[in-house]
$ cat upload-v2.cif   # mmCIF, N, CA and C atoms
data_model
loop_
_atom_site.label_atom_id
_atom_site.label_comp_id
_atom_site.auth_asym_id
_atom_site.auth_seq_id
_atom_site.Cartn_x
_atom_site.Cartn_y
_atom_site.Cartn_z
N LEU A 237 71.57 39.92 -70.65
CA LEU A 237 72.78 40.32 -71.37
C LEU A 237 73.67 41.06 -70.39
N GLY A 238 74.82 40.50 -70.06
CA GLY A 238 75.74 41.13 -69.12
C GLY A 238 76.53 42.23 -69.78
N LEU A 239 76.91 43.21 -68.99
CA LEU A 239 77.72 44.29 -69.53
C LEU A 239 79.03 43.72 -70.03
N GLY A 240 79.44 44.16 -71.20
CA GLY A 240 80.68 43.67 -71.78
C GLY A 240 80.59 42.25 -72.30
N GLU A 241 79.41 41.66 -72.34
CA GLU A 241 79.25 40.27 -72.75
C GLU A 241 78.27 40.19 -73.92
N THR A 242 78.50 40.97 -74.93
CA THR A 242 77.56 41.04 -76.04
C THR A 242 77.90 40.09 -77.18
N ARG A 243 79.07 39.47 -77.15
CA ARG A 243 79.49 38.64 -78.27
C ARG A 243 78.52 37.48 -78.53
N GLY A 244 78.07 36.81 -77.47
CA GLY A 244 77.13 35.70 -77.64
C GLY A 244 75.82 36.17 -78.26
N ALA A 245 75.33 37.34 -77.82
CA ALA A 245 74.09 37.88 -78.38
C ALA A 245 74.27 38.25 -79.85
N GLU A 246 75.43 38.81 -80.18
CA GLU A 246 75.70 39.15 -81.58
C GLU A 246 75.70 37.90 -82.46
N LEU A 247 76.36 36.83 -81.99
CA LEU A 247 76.43 35.60 -82.76
C LEU A 247 75.04 34.97 -82.93
N GLU A 248 74.25 34.97 -81.86
CA GLU A 248 72.91 34.39 -81.94
C GLU A 248 72.03 35.20 -82.90
N LEU A 249 72.13 36.52 -82.84
CA LEU A 249 71.36 37.35 -83.76
C LEU A 249 71.79 37.11 -85.20
N ALA A 250 73.09 36.95 -85.42
CA ALA A 250 73.58 36.65 -86.77
C ALA A 250 73.01 35.31 -87.26
N ASN A 251 72.89 34.32 -86.37
CA ASN A 251 72.30 33.03 -86.75
C ASN A 251 70.84 33.20 -87.15
N VAL A 252 70.10 34.02 -86.39
CA VAL A 252 68.69 34.26 -86.71
C VAL A 252 68.56 34.95 -88.07
N ILE A 253 69.40 35.96 -88.30
CA ILE A 253 69.37 36.68 -89.58
C ILE A 253 69.68 35.72 -90.72
N GLU A 254 70.67 34.86 -90.53
CA GLU A 254 71.03 33.89 -91.56
C GLU A 254 69.86 32.94 -91.87
N LEU A 255 69.17 32.48 -90.82
CA LEU A 255 68.01 31.60 -91.03
C LEU A 255 66.91 32.30 -91.80
N ILE A 256 66.68 33.56 -91.49
CA ILE A 256 65.65 34.33 -92.20
C ILE A 256 66.02 34.44 -93.68
N GLU A 257 67.29 34.75 -93.94
CA GLU A 257 67.74 34.91 -95.32
C GLU A 257 67.72 33.59 -96.08
N VAL A 258 68.09 32.48 -95.41
CA VAL A 258 68.06 31.16 -96.05
C VAL A 258 66.64 30.80 -96.46
N GLU A 259 65.66 31.17 -95.66
CA GLU A 259 64.26 30.89 -95.97
C GLU A 259 63.73 31.81 -97.08
N GLY A 260 64.56 32.76 -97.53
CA GLY A 260 64.14 33.66 -98.59
C GLY A 260 63.22 34.77 -98.11
N LEU A 261 63.20 35.02 -96.82
CA LEU A 261 62.34 36.05 -96.25
C LEU A 261 63.10 37.37 -96.20
N SER A 262 62.37 38.44 -95.99
CA SER A 262 62.96 39.77 -95.97
C SER A 262 63.13 40.26 -94.53
N LEU A 263 64.29 40.82 -94.23
CA LEU A 263 64.54 41.35 -92.89
C LEU A 263 63.59 42.50 -92.54
N GLU A 264 63.06 43.19 -93.57
CA GLU A 264 62.12 44.28 -93.32
C GLU A 264 60.83 43.77 -92.66
N ASP A 265 60.54 42.48 -92.83
CA ASP A 265 59.35 41.89 -92.21
C ASP A 265 59.55 41.60 -90.72
N TYR A 266 60.75 41.82 -90.24
CA TYR A 266 61.09 41.54 -88.84
C TYR A 266 61.71 42.78 -88.20
N PRO A 267 60.87 43.78 -87.85
CA PRO A 267 61.39 45.03 -87.28
C PRO A 267 62.11 44.80 -85.94
N GLU A 268 61.79 43.71 -85.26
CA GLU A 268 62.45 43.46 -83.98
C GLU A 268 63.95 43.16 -84.16
N ILE A 269 64.36 42.74 -85.35
CA ILE A 269 65.78 42.50 -85.62
C ILE A 269 66.57 43.80 -85.45
N GLU A 270 66.06 44.87 -86.04
CA GLU A 270 66.73 46.17 -85.91
C GLU A 270 66.75 46.63 -84.45
N GLU A 271 65.66 46.39 -83.73
CA GLU A 271 65.61 46.75 -82.32
C GLU A 271 66.67 45.98 -81.53
N LEU A 272 66.84 44.70 -81.83
CA LEU A 272 67.84 43.89 -81.13
C LEU A 272 69.25 44.36 -81.47
N GLU A 273 69.49 44.71 -82.73
CA GLU A 273 70.81 45.24 -83.10
C GLU A 273 71.10 46.52 -82.34
N THR A 274 70.12 47.40 -82.22
CA THR A 274 70.28 48.64 -81.47
C THR A 274 70.54 48.36 -79.99
N LEU A 275 69.80 47.40 -79.43
CA LEU A 275 69.98 47.03 -78.03
C LEU A 275 71.40 46.51 -77.77
N ILE A 276 71.89 45.65 -78.63
CA ILE A 276 73.25 45.11 -78.47
C ILE A 276 74.27 46.23 -78.59
N ALA A 277 74.10 47.11 -79.56
CA ALA A 277 75.03 48.23 -79.72
C ALA A 277 75.03 49.13 -78.49
N SER A 278 73.86 49.38 -77.92
CA SER A 278 73.79 50.25 -76.74
C SER A 278 74.42 49.56 -75.53
N ALA A 279 74.30 48.23 -75.44
CA ALA A 279 74.94 47.49 -74.33
C ALA A 279 76.45 47.56 -74.48
N GLU A 280 76.96 47.52 -75.71
CA GLU A 280 78.40 47.64 -75.94
C GLU A 280 78.89 49.01 -75.52
N ASP A 281 78.12 50.05 -75.85
CA ASP A 281 78.50 51.42 -75.48
C ASP A 281 78.52 51.59 -73.97
N THR A 282 77.52 51.04 -73.29
CA THR A 282 77.41 51.17 -71.84
C THR A 282 78.50 50.38 -71.13
N SER A 283 78.92 49.26 -71.71
CA SER A 283 79.87 48.38 -71.02
C SER A 283 81.18 49.08 -70.74
N SER A 284 81.60 50.00 -71.59
CA SER A 284 82.87 50.68 -71.35
C SER A 284 82.80 51.55 -70.10
N ASP A 285 81.61 52.02 -69.71
CA ASP A 285 81.47 52.82 -68.50
C ASP A 285 81.65 51.99 -67.24
N TYR A 286 81.41 50.69 -67.34
CA TYR A 286 81.43 49.82 -66.17
C TYR A 286 82.53 48.75 -66.25
N ALA A 287 83.50 48.94 -67.13
CA ALA A 287 84.53 47.92 -67.32
C ALA A 287 85.28 47.66 -66.03
N HIS A 288 85.52 46.38 -65.77
CA HIS A 288 86.31 46.05 -64.59
C HIS A 288 87.75 45.79 -65.01
N ALA A 289 88.63 45.67 -64.05
CA ALA A 289 90.06 45.63 -64.30
C ALA A 289 90.56 44.27 -64.78
N HIS A 290 89.67 43.36 -65.11
CA HIS A 290 90.11 42.06 -65.59
C HIS A 290 89.29 41.64 -66.80
N ASP A 291 89.79 40.64 -67.50
CA ASP A 291 89.15 40.21 -68.73
C ASP A 291 88.40 38.90 -68.59
N PHE A 292 88.30 38.37 -67.38
CA PHE A 292 87.62 37.11 -67.13
C PHE A 292 86.12 37.32 -67.25
N SER A 293 85.45 36.51 -68.05
CA SER A 293 84.02 36.69 -68.27
C SER A 293 83.24 35.48 -67.78
N GLY A 294 81.92 35.62 -67.75
CA GLY A 294 81.05 34.52 -67.38
C GLY A 294 81.19 33.34 -68.34
N THR A 295 81.42 33.64 -69.59
CA THR A 295 81.64 32.60 -70.59
C THR A 295 82.91 31.82 -70.27
N ASP A 296 83.95 32.54 -69.84
CA ASP A 296 85.19 31.88 -69.43
C ASP A 296 84.93 30.96 -68.24
N ALA A 297 84.12 31.42 -67.29
CA ALA A 297 83.79 30.62 -66.11
C ALA A 297 83.07 29.34 -66.52
N ILE A 298 82.16 29.45 -67.47
CA ILE A 298 81.43 28.27 -67.95
C ILE A 298 82.39 27.30 -68.63
N GLN A 299 83.30 27.83 -69.44
CA GLN A 299 84.27 26.97 -70.13
C GLN A 299 85.11 26.19 -69.13
N LEU A 300 85.57 26.85 -68.05
CA LEU A 300 86.34 26.15 -67.02
C LEU A 300 85.50 25.08 -66.34
N ALA A 301 84.25 25.39 -66.04
CA ALA A 301 83.36 24.42 -65.40
C ALA A 301 83.12 23.22 -66.30
N ILE A 302 82.93 23.45 -67.59
CA ILE A 302 82.71 22.36 -68.54
C ILE A 302 83.94 21.47 -68.62
N GLU A 303 85.13 22.07 -68.58
CA GLU A 303 86.36 21.28 -68.62
C GLU A 303 86.44 20.32 -67.43
N VAL A 304 85.97 20.75 -66.27
CA VAL A 304 86.03 19.93 -65.07
C VAL A 304 84.85 18.97 -64.96
N TYR A 305 83.63 19.46 -65.21
CA TYR A 305 82.42 18.67 -64.98
C TYR A 305 81.84 18.05 -66.24
N GLY A 306 82.36 18.42 -67.39
CA GLY A 306 81.92 17.82 -68.64
C GLY A 306 80.63 18.41 -69.17
N ALA A 307 80.34 18.06 -70.41
CA ALA A 307 79.12 18.52 -71.08
C ALA A 307 78.22 17.33 -71.33
N SER A 308 76.93 17.54 -71.23
CA SER A 308 75.96 16.49 -71.55
C SER A 308 74.68 17.16 -72.02
N ASP A 309 73.82 16.35 -72.63
CA ASP A 309 72.55 16.87 -73.12
C ASP A 309 71.62 17.24 -71.97
N ASP A 310 71.87 16.67 -70.78
CA ASP A 310 70.98 16.90 -69.65
C ASP A 310 71.36 18.15 -68.85
N ILE A 311 72.59 18.59 -68.92
CA ILE A 311 73.05 19.69 -68.07
C ILE A 311 73.16 21.00 -68.86
N VAL A 312 72.57 22.04 -68.28
CA VAL A 312 72.68 23.39 -68.83
C VAL A 312 73.49 24.21 -67.83
N TYR A 313 74.53 24.87 -68.31
CA TYR A 313 75.36 25.72 -67.47
C TYR A 313 74.83 27.15 -67.54
N MET A 314 74.64 27.76 -66.38
CA MET A 314 74.14 29.15 -66.31
C MET A 314 75.08 29.93 -65.39
N TYR A 315 75.19 31.24 -65.61
CA TYR A 315 76.03 32.06 -64.74
C TYR A 315 75.37 33.40 -64.46
N ASP A 316 75.72 33.98 -63.31
CA ASP A 316 75.28 35.34 -62.99
C ASP A 316 76.02 36.29 -63.92
N GLU A 317 75.34 37.31 -64.39
CA GLU A 317 75.96 38.17 -65.39
C GLU A 317 77.00 39.15 -64.83
N MET A 318 77.00 39.37 -63.55
CA MET A 318 77.97 40.29 -62.96
C MET A 318 79.00 39.50 -62.15
N PRO A 319 80.28 39.84 -62.28
CA PRO A 319 81.30 39.16 -61.49
C PRO A 319 81.12 39.49 -60.00
N GLU A 320 81.57 38.59 -59.15
CA GLU A 320 81.42 38.75 -57.71
C GLU A 320 82.77 38.53 -57.03
N HIS A 321 82.87 39.04 -55.82
CA HIS A 321 84.03 38.76 -54.98
C HIS A 321 83.69 37.55 -54.12
N TYR A 322 84.68 36.69 -53.90
CA TYR A 322 84.46 35.49 -53.12
C TYR A 322 85.73 35.16 -52.34
N GLY A 323 85.57 34.75 -51.11
CA GLY A 323 86.72 34.33 -50.31
C GLY A 323 87.75 35.43 -50.14
N ASP A 324 89.00 35.09 -50.36
CA ASP A 324 90.12 36.03 -50.17
C ASP A 324 90.26 36.96 -51.36
N ASP A 325 89.25 37.79 -51.56
CA ASP A 325 89.26 38.79 -52.62
C ASP A 325 89.41 38.19 -54.02
N LEU A 326 88.85 36.99 -54.21
CA LEU A 326 88.85 36.34 -55.50
C LEU A 326 87.67 36.87 -56.30
N ILE A 327 87.90 37.17 -57.56
CA ILE A 327 86.83 37.64 -58.44
C ILE A 327 86.47 36.51 -59.38
N GLY A 328 85.18 36.32 -59.58
CA GLY A 328 84.73 35.27 -60.49
C GLY A 328 83.23 35.30 -60.65
N TYR A 329 82.68 34.17 -61.04
CA TYR A 329 81.25 34.08 -61.33
C TYR A 329 80.63 32.86 -60.64
N TYR A 330 79.39 33.03 -60.20
CA TYR A 330 78.61 31.90 -59.72
C TYR A 330 78.08 31.17 -60.95
N VAL A 331 78.25 29.86 -60.97
CA VAL A 331 77.81 29.04 -62.10
C VAL A 331 76.91 27.94 -61.54
N ALA A 332 75.75 27.78 -62.14
CA ALA A 332 74.81 26.74 -61.72
C ALA A 332 74.69 25.70 -62.83
N LEU A 333 74.64 24.44 -62.44
CA LEU A 333 74.41 23.35 -63.37
C LEU A 333 72.97 22.89 -63.18
N LYS A 334 72.16 23.04 -64.21
CA LYS A 334 70.74 22.71 -64.13
C LYS A 334 70.46 21.47 -64.97
N SER A 335 69.70 20.54 -64.38
CA SER A 335 69.31 19.32 -65.08
C SER A 335 68.02 19.57 -65.87
N VAL A 336 68.09 19.38 -67.17
CA VAL A 336 66.92 19.53 -68.03
C VAL A 336 65.89 18.46 -67.68
N GLU A 337 66.36 17.25 -67.42
CA GLU A 337 65.45 16.14 -67.10
C GLU A 337 64.68 16.42 -65.80
N LEU A 338 65.39 16.89 -64.76
CA LEU A 338 64.71 17.21 -63.51
C LEU A 338 63.69 18.33 -63.71
N GLU A 339 64.05 19.32 -64.51
CA GLU A 339 63.13 20.42 -64.78
C GLU A 339 61.88 19.93 -65.50
N GLU A 340 62.07 19.04 -66.48
CA GLU A 340 60.94 18.49 -67.21
C GLU A 340 60.04 17.63 -66.32
N GLN A 341 60.63 17.01 -65.30
CA GLN A 341 59.86 16.18 -64.37
C GLN A 341 59.15 17.03 -63.33
N GLY A 342 59.39 18.35 -63.36
CA GLY A 342 58.71 19.25 -62.44
C GLY A 342 59.37 19.37 -61.08
N ALA A 343 60.65 19.07 -61.00
CA ALA A 343 61.37 19.16 -59.72
C ALA A 343 61.32 20.60 -59.21
N ASP A 344 61.21 20.74 -57.90
CA ASP A 344 61.20 22.07 -57.30
C ASP A 344 62.50 22.82 -57.55
N ASP A 345 63.61 22.09 -57.57
CA ASP A 345 64.91 22.71 -57.79
C ASP A 345 65.74 21.84 -58.74
N PRO A 346 65.76 22.18 -60.02
CA PRO A 346 66.51 21.37 -60.98
C PRO A 346 68.03 21.66 -60.97
N ILE A 347 68.46 22.57 -60.08
CA ILE A 347 69.90 22.88 -59.97
C ILE A 347 70.57 21.72 -59.25
N VAL A 348 71.52 21.07 -59.91
CA VAL A 348 72.19 19.92 -59.31
C VAL A 348 73.52 20.29 -58.66
N LEU A 349 74.08 21.45 -59.03
CA LEU A 349 75.35 21.87 -58.46
C LEU A 349 75.52 23.37 -58.64
N LEU A 350 76.03 24.02 -57.59
CA LEU A 350 76.32 25.45 -57.66
C LEU A 350 77.81 25.61 -57.41
N LEU A 351 78.45 26.41 -58.26
CA LEU A 351 79.90 26.60 -58.20
C LEU A 351 80.24 28.07 -58.12
N PHE A 352 81.44 28.35 -57.62
CA PHE A 352 82.03 29.67 -57.82
C PHE A 352 83.31 29.42 -58.60
N VAL A 353 83.41 30.02 -59.78
CA VAL A 353 84.58 29.84 -60.64
C VAL A 353 85.36 31.15 -60.62
N GLY A 354 86.57 31.07 -60.09
CA GLY A 354 87.40 32.26 -59.96
C GLY A 354 88.23 32.53 -61.19
N GLU A 355 88.63 33.79 -61.34
CA GLU A 355 89.41 34.16 -62.52
C GLU A 355 90.79 33.50 -62.51
N ASP A 356 91.21 32.97 -61.38
CA ASP A 356 92.49 32.26 -61.31
C ASP A 356 92.34 30.78 -61.71
N GLY A 357 91.13 30.37 -62.11
CA GLY A 357 90.89 29.01 -62.55
C GLY A 357 90.39 28.10 -61.44
N SER A 358 90.29 28.61 -60.23
CA SER A 358 89.80 27.78 -59.13
C SER A 358 88.29 27.61 -59.21
N ILE A 359 87.83 26.46 -58.72
CA ILE A 359 86.39 26.17 -58.71
C ILE A 359 86.03 25.68 -57.31
N ALA A 360 85.06 26.34 -56.70
CA ALA A 360 84.58 25.94 -55.37
C ALA A 360 83.15 25.46 -55.51
N GLU A 361 82.87 24.25 -55.02
CA GLU A 361 81.50 23.75 -55.00
C GLU A 361 80.80 24.34 -53.79
N LEU A 362 79.61 24.87 -53.99
CA LEU A 362 78.86 25.50 -52.90
C LEU A 362 77.69 24.64 -52.49
#

$ encode --input "upload-v2.cif" --output "structure tokens"
Amino acid sequence: LGLGETRGAELELANVIELIEVEGLSLEDYPEIEELETLIASAEDTSSDYAHAHDFSGTDAIQLAIEVYGASDDIVYMYDEMPEHYGDDLIGYYVALKSVELEEQGADDPIVLLLFVGEDGSIAEL
């Protein structure tokens, strides 16, 4: 969970809670739900201490990469949780494209492409 990047975790937790409720189960039977809610809240509180001067996030970097390289059932997009400096003082995120099929076949390195996605929308293949 990256600092300032709690929205995805909140949405996923909400999906889990909804599934529990749809099954007719009680949230009291799942004490880890409350622990996760506390963890997300504490990450939100901490993120303000480390806020950077831009609003570009790892999720934004993934969205840009998907626009260029497309989405498929075989490719999983992953990013480093902390922004990095690259080249001429460009800020952005390293994004890796991992092949699910290669991973299932036991490949030593299922990463098929490594990118740096800058906050200016540029993408560099590494």

$ resolve_selection --input "upload-v2.cif" --expression "the PyMOL selection byres ((chain A and resi 330-339) around 5)" --output "PyMOL selection string"
chain A and resi 310-316+328-329+340-343+346-352

$ select_by_dssp --input "upload-v2.cif" --residues "chain A" --states "alpha helix (DSSP H)" --output "PyMOL selection string"
chain A and resi 243-258+267-283+294-305+336-340

$ atom_distance --input "upload-v2.cif" --atom1 "CA of Gly357 (chain A)" --atom2 "CA of Ile276 (chain A)"
28.7 Å

$ atom_distance --input "upload-v2.cif" --atom1 "atom N of Asp296 (chain A)" --atom2 "atom N of Glu268 (chain A)"
29.2 Å

$ atom_distance --input "upload-v2.cif" --atom1 "atom C of Asn251 (chain A)" --atom2 "atom C of Glu270 (chain A)"
14.3 Å

$ residues_around --input "upload-v2.cif" --residues "Val252 (chain A)" --least-positions-apart "2" --cutoff "12 Å" --atoms "only C-alpha atoms" --output "tab-separated table (two decimals) with N, CA and C atoms, in the frame of the given file"
chain	number	residue	atom	x	y	z
A	245	ALA	N	75.33	37.34	-77.82
A	245	ALA	CA	74.09	37.88	-78.38
A	245	ALA	C	74.27	38.25	-79.85
A	246	GLU	N	75.43	38.81	-80.18
A	246	GLU	CA	75.70	39.15	-81.58
A	246	GLU	C	75.70	37.90	-82.46
A	247	LEU	N	76.36	36.83	-81.99
A	247	LEU	CA	76.43	35.60	-82.76
A	247	LEU	C	75.04	34.97	-82.93
A	248	GLU	N	74.25	34.97	-81.86
A	248	GLU	CA	72.91	34.39	-81.94
A	248	GLU	C	72.03	35.20	-82.90
A	249	LEU	N	72.13	36.52	-82.84
A	249	LEU	CA	71.36	37.35	-83.76
A	249	LEU	C	71.79	37.11	-85.20
A	250	ALA	N	73.09	36.95	-85.42
A	250	ALA	CA	73.58	36.65	-86.77
A	250	ALA	C	73.01	35.31	-87.26
A	254	GLU	N	70.67	34.86	-90.53
A	254	GLU	CA	71.03	33.89	-91.56
A	254	GLU	C	69.86	32.94	-91.87
A	255	LEU	N	69.17	32.48	-90.82
A	255	LEU	CA	68.01	31.60	-91.03
A	255	LEU	C	66.91	32.30	-91.80
A	256	ILE	N	66.68	33.56	-91.49
A	256	ILE	CA	65.65	34.33	-92.20
A	256	ILE	C	66.02	34.44	-93.68
A	257	GLU	N	67.29	34.75	-93.94
A	257	GLU	CA	67.74	34.91	-95.32
A	257	GLU	C	67.72	33.59	-96.08
A	258	VAL	N	68.09	32.48	-95.41
A	258	VAL	CA	68.06	31.16	-96.05
A	258	VAL	C	66.64	30.80	-96.46
A	259	GLU	N	65.66	31.17	-95.66
A	259	GLU	CA	64.26	30.89	-95.97
A	259	GLU	C	63.73	31.81	-97.08
A	261	LEU	N	63.20	35.02	-96.82
A	261	LEU	CA	62.34	36.05	-96.25
A	261	LEU	C	63.10	37.37	-96.20
A	263	LEU	N	64.29	40.82	-94.23
A	263	LEU	CA	64.54	41.35	-92.89
A	263	LEU	C	63.59	42.50	-92.54
A	266	TYR	N	60.75	41.82	-90.24
A	266	TYR	CA	61.09	41.54	-88.84
A	266	TYR	C	61.71	42.78	-88.20
A	268	GLU	N	61.79	43.71	-85.26
A	268	GLU	CA	62.45	43.46	-83.98
A	268	GLU	C	63.95	43.16	-84.16
A	269	ILE	N	64.36	42.74	-85.35
A	269	ILE	CA	65.78	42.50	-85.62
A	269	ILE	C	66.57	43.80	-85.45
A	272	LEU	N	66.84	44.70	-81.83
A	272	LEU	CA	67.84	43.89	-81.13
A	272	LEU	C	69.25	44.36	-81.47
A	273	GLU	N	69.49	44.71	-82.73
A	273	GLU	CA	70.81	45.24	-83.10
A	273	GLU	C	71.10	46.52	-82.34

$ axis_aligned_box --input "upload-v2.cif" --around "region 342-361 of chain A" --padding-each-side "5 Å" --output "AutoDock Vina command-line options"
--center_x 75.6 --center_y 26.3 --center_z -58.6 --size_x 43.8 --size_y 25.8 --size_z 19.6

$ closest_residue --input "upload-v2.cif" --among "A:Ile253, A:Phe292, A:Glu271, A:Met318" --to "Glu355 (chain A)" --atoms "only N, CA and C atoms"
A:Phe292

$ closest_residue --input "upload-v2.cif" --among "A:Glu317, A:Val353, A:Glu361, A:Tyr322" --to "Leu300 (chain A)" --atoms "all atoms listed in the file"
A:Val353
